Amino acid sequence: MTTAPGIPDGRPATVRAEAVVDLDAVAANTRLLLDRVRRTNPAGGLMAVVKADGYGHGAVPCARVAVRAGATHLGVATPDEALALRAAGITAPVAAWLWPAGQDIAAALVGGVELGVSSLAHLDAVLAASAGPARTPVRPRIHLKIDTGLGRNGVGPADLAAVADALAAAIRADRVTLAGTMSHLACADEPGNESVAAQTAAYRDAVAVLQGRGIDPGLLHLANTPGVLDHPETIFDLGRCGIGLYGLDPLGGARGPQGLRPAMTLRSTVALTKRVPAGFGVSYGLTWRPERETTLALVPVGYADGLPRAAGNSASVLVVGRDGRGRRYRVVGRVAMDQLVLHCGDDDVTAGDGVLVFGPGDHGEPSAAELAAACGTIDYEIVTRIGPRVPRRHLRQNEHPVERRAEGRTR
């Protein structure tokens with residue numbers, strides 16, 4: 001038996017849906033990842049990636065906590081995400097690496113955002129923003145992004161020499177500062193995958209091309225979370241960690257426990273229950289019918305809240321009854337836009353009982369990784385797709401109730 005985060009006396013206050021985010025876990029994960037970086041490079045730092053609203057956890061509170069816990073830099077995908085951090089008063093160095101070359105980046109440069117440059121067109125756009133009558137009053141700081149084999153964003157092998165030449169000229173003219181050189185790993189989450197060594201070698205070669213033109217490459221960052229955890233050879237000046245910050249293990253336990261603590265718990269409440277006879281159809285398409293009389297419980301969350309539609313007839317959730325005991329029940333029928341249905345058999349499940357859709361797993365509830373496996377996806381998608389109509393509640397130290405171990409079982 002237990003009480004989950006934010007659930008007093010074993011029973012939650014009634015909520016339709018709420019994502020409870022444990023900021024102490026974010027802080028602990030930050031410290032753990034930074035420690036892993038510094039085992040390889042004692043002077044190394046950590047770029048805490050808070051893109052996609054902090055992987056659904058809340059970019060601003062997670063960024064603040066990560067910086068307090070030792071993160072030296074912040075990373076996001078888009079300039080707008082970076083400017084949202086600046087608007088919240090966050091002054092730590094922040095890099096944004098995904099933007100079309102035609103986008104207006106003046107506000108980002110004025111805000112001190114360090115922009116990723118992935119092509120000659122991106123470099124030209126940065127230089128143009130700092131020249132001419134509408135020029136920005138600051139010298140741009142950029143991170144050169146190299147495609148070392150992922151085949152997505154970044155300067156490819158055929159274009160590297162031309163970009164390096166243009167960059168060298170811009171640096172000599174004092175028009176731009178190269179703050180860092182980055183790349184991204186394709187398969188670091190697959191232990192033993194040979195592409196990691198190949199990409200690391202390609203990264204070193206690209207850095208050598210820059211240095212051969214007299215360019216200081218700035219901070220070198222290649223390692224992502226699985227790189228930091230499992231490939232120390234990919235660690236240079238910064239570890240650039242996203243998913244691990246939120247306590248999800250990209251290695252899926254393949255290298256044993258990593259000490260990461262999942263930060264998000266998604267909870268809801270049973271809205272109603274009903275007894276139905278054998279053969280009674282459930283939800284759209286009537287894809288599930290009970291073999292005998294049973295109790296159905298309605299939970300008011302669905303795919304509009306971010307719960308995958310594929311959870312129907314595959315996933316389970318934990319229901320916390322009035323006795324404080326947690327019991328697992330299977331989701332039956334299709335998940336709808338706003339609701340899902342549980343098969344509860346003859347158990348005494350009633351309206352108002354608490355529901356843990358996923359969480360750290362301490363109480364017998366599914367983890368995000370377990371829910372992802374049931375839905376044929378990854379836990380990254382589970383947490384980042386939790387929608388804006390689900391309120392976030394951020395807990396800090398001493399805000400958690402005393403916890404007791406739950407008895408979780410699946411029907």
# chains A, B, ... in the order shown; residues from 1 in each chain; ligands from 1
$ select_by_dssp --residues "stretch 33-274 of chain A" --states "strand (DSSP E)" --output "PyMOL selection string"
chain A and resi 45-49+73-76+94-96+114-117+141-145+177-182+219-221+238-241+264-269+272-274
$ residues_around --residues "A:Arg309" --least-positions-apart "3" --cutoff "12 Å" --atoms "only C-alpha atoms" --output "number ranges by chain"
A: 283-284, 301-306, 312-315, 331-340, 371-372, 374-377, 382, 385
$ residues_around --residues "stretch 219-228 of chain A" --least-positions-apart "6" --cutoff "10 Å" --atoms "only C-alpha atoms" --output "PyMOL selection string"
chain A and resi 33-40+44-49+143-146+148+178-191+196+199-200+203-204+207+234-245+248-251
$ closest_residue --among "A:Val319, A:Ala108, A:Val383, A:Ile378" --to "A:Gly364" --atoms "only C-alpha atoms"
A:Val319
$ atom_distance --atom1 "atom CA of A:Ala52" --atom2 "atom CA of A:Ile386"
10.8 Å
$ residues_around --residues "stretch 348-354 of chain A" --least-positions-apart "5" --cutoff "7 Å" --atoms "only C-alpha atoms" --output "list in words"
Arg11, Pro12, Thr14, Ser268, Thr269, Val270, Ala271, Leu272, Thr273, Val319, Val320, Gly321 and Arg322 of chain A
$ select_by_dssp --residues "stretch 11-199 of chain A" --states "alpha helix (DSSP H)" --output "number ranges by chain"
A: 23-40, 51-55, 59-68, 79-87, 106-110, 120-129, 160-172, 195-199
$ atom_distance --atom1 "atom CA of A:Ala128" --atom2 "atom CA of A:Ala166"
13.3 Å
$ residues_around --residues "A:Pro93" --least-positions-apart "4" --cutoff "10 Å" --atoms "only C-alpha atoms" --output "PDB file with N, CA and C atoms, in the first residue's frame"
ATOM      1  N   MET A  47      24.779  20.046 -20.902  1.00  0.00           N
ATOM      2  CA  MET A  47      23.720  20.817 -21.540  1.00  0.00           C
ATOM      3  C   MET A  47      22.410  20.089 -21.280  1.00  0.00           C
ATOM      4  N   THR A  72      25.396  23.354 -16.966  1.00  0.00           N
ATOM      5  CA  THR A  72      26.132  24.552 -17.360  1.00  0.00           C
ATOM      6  C   THR A  72      25.503  25.259 -18.546  1.00  0.00           C
ATOM      7  N   HIS A  73      24.694  24.536 -19.315  1.00  0.00           N
ATOM      8  CA  HIS A  73      24.057  25.074 -20.508  1.00  0.00           C
ATOM      9  C   HIS A  73      22.662  24.476 -20.629  1.00  0.00           C
ATOM     10  N   LEU A  74      21.837  25.124 -21.430  1.00  0.00           N
ATOM     11  CA  LEU A  74      20.519  24.611 -21.765  1.00  0.00           C
ATOM     12  C   LEU A  74      20.432  24.443 -23.270  1.00  0.00           C
ATOM     13  N   GLY A  75      19.650  23.481 -23.701  1.00  0.00           N
ATOM     14  CA  GLY A  75      19.454  23.244 -25.125  1.00  0.00           C
ATOM     15  C   GLY A  75      17.980  23.110 -25.451  1.00  0.00           C
ATOM     16  N   ALA A  82      13.788  28.928 -26.921  1.00  0.00           N
ATOM     17  CA  ALA A  82      14.847  29.621 -26.189  1.00  0.00           C
ATOM     18  C   ALA A  82      14.364  30.966 -25.656  1.00  0.00           C
ATOM     19  N   ARG A  86      14.193  32.858 -21.882  1.00  0.00           N
ATOM     20  CA  ARG A  86      14.664  34.206 -21.582  1.00  0.00           C
ATOM     21  C   ARG A  86      13.536  35.052 -20.978  1.00  0.00           C
ATOM     22  N   GLY A 112      20.594  36.738 -26.824  1.00  0.00           N
ATOM     23  CA  GLY A 112      21.766  35.950 -26.457  1.00  0.00           C
ATOM     24  C   GLY A 112      21.616  34.469 -26.699  1.00  0.00           C
ATOM     25  N   VAL A 113      20.681  34.095 -27.572  1.00  0.00           N
ATOM     26  CA  VAL A 113      20.506  32.676 -27.900  1.00  0.00           C
ATOM     27  C   VAL A 113      21.613  32.254 -28.858  1.00  0.00           C
ATOM     28  N   GLU A 114      22.236  31.135 -28.573  1.00  0.00           N
ATOM     29  CA  GLU A 114      23.280  30.593 -29.439  1.00  0.00           C
ATOM     30  C   GLU A 114      22.612  29.672 -30.455  1.00  0.00           C
TER      31      GLU A 114
END
$ closest_residue --among "A:Pro300, A:Gly70, A:Pro232, A:Gly247" --to "A:Tyr55" --atoms "only C-alpha atoms"
A:Gly247
$ closest_residue --among "A:Lys274, A:Arg152, A:Arg172, A:Arg389" --to "A:Gly345" --atoms "only C-alpha atoms"
A:Lys274
$ closest_residue --among "A:Pro290, A:Pro79, A:Pro388, A:Pro308" --to "A:Leu342" --atoms "only C-alpha atoms"
A:Pro290
$ closest_residue --among "A:Ala71, A:Val50, A:Val282, A:Ala208" --to "A:Ala96" --atoms "only C-alpha atoms"
A:Val50
$ atom_distance --atom1 "atom CA of A:Val60" --atom2 "atom CA of A:Pro366"
26.8 Å
$ residues_around --residues "A:Val126" --least-positions-apart "2" --cutoff "9 Å" --atoms "only C-alpha atoms" --output "list in words"
Ala101, Ile105, Ala106, Leu109, Leu115, Val117, Ala121, His122, Leu123, Asp124, Ala128, Ala129, Ser130, Pro140, Ile142 and Val176 of chain A
$ closest_residue --among "A:His57, A:Leu98, A:Leu298, A:Arg175" --to "A:Arg275" --atoms "only C-alpha atoms"
A:Leu298
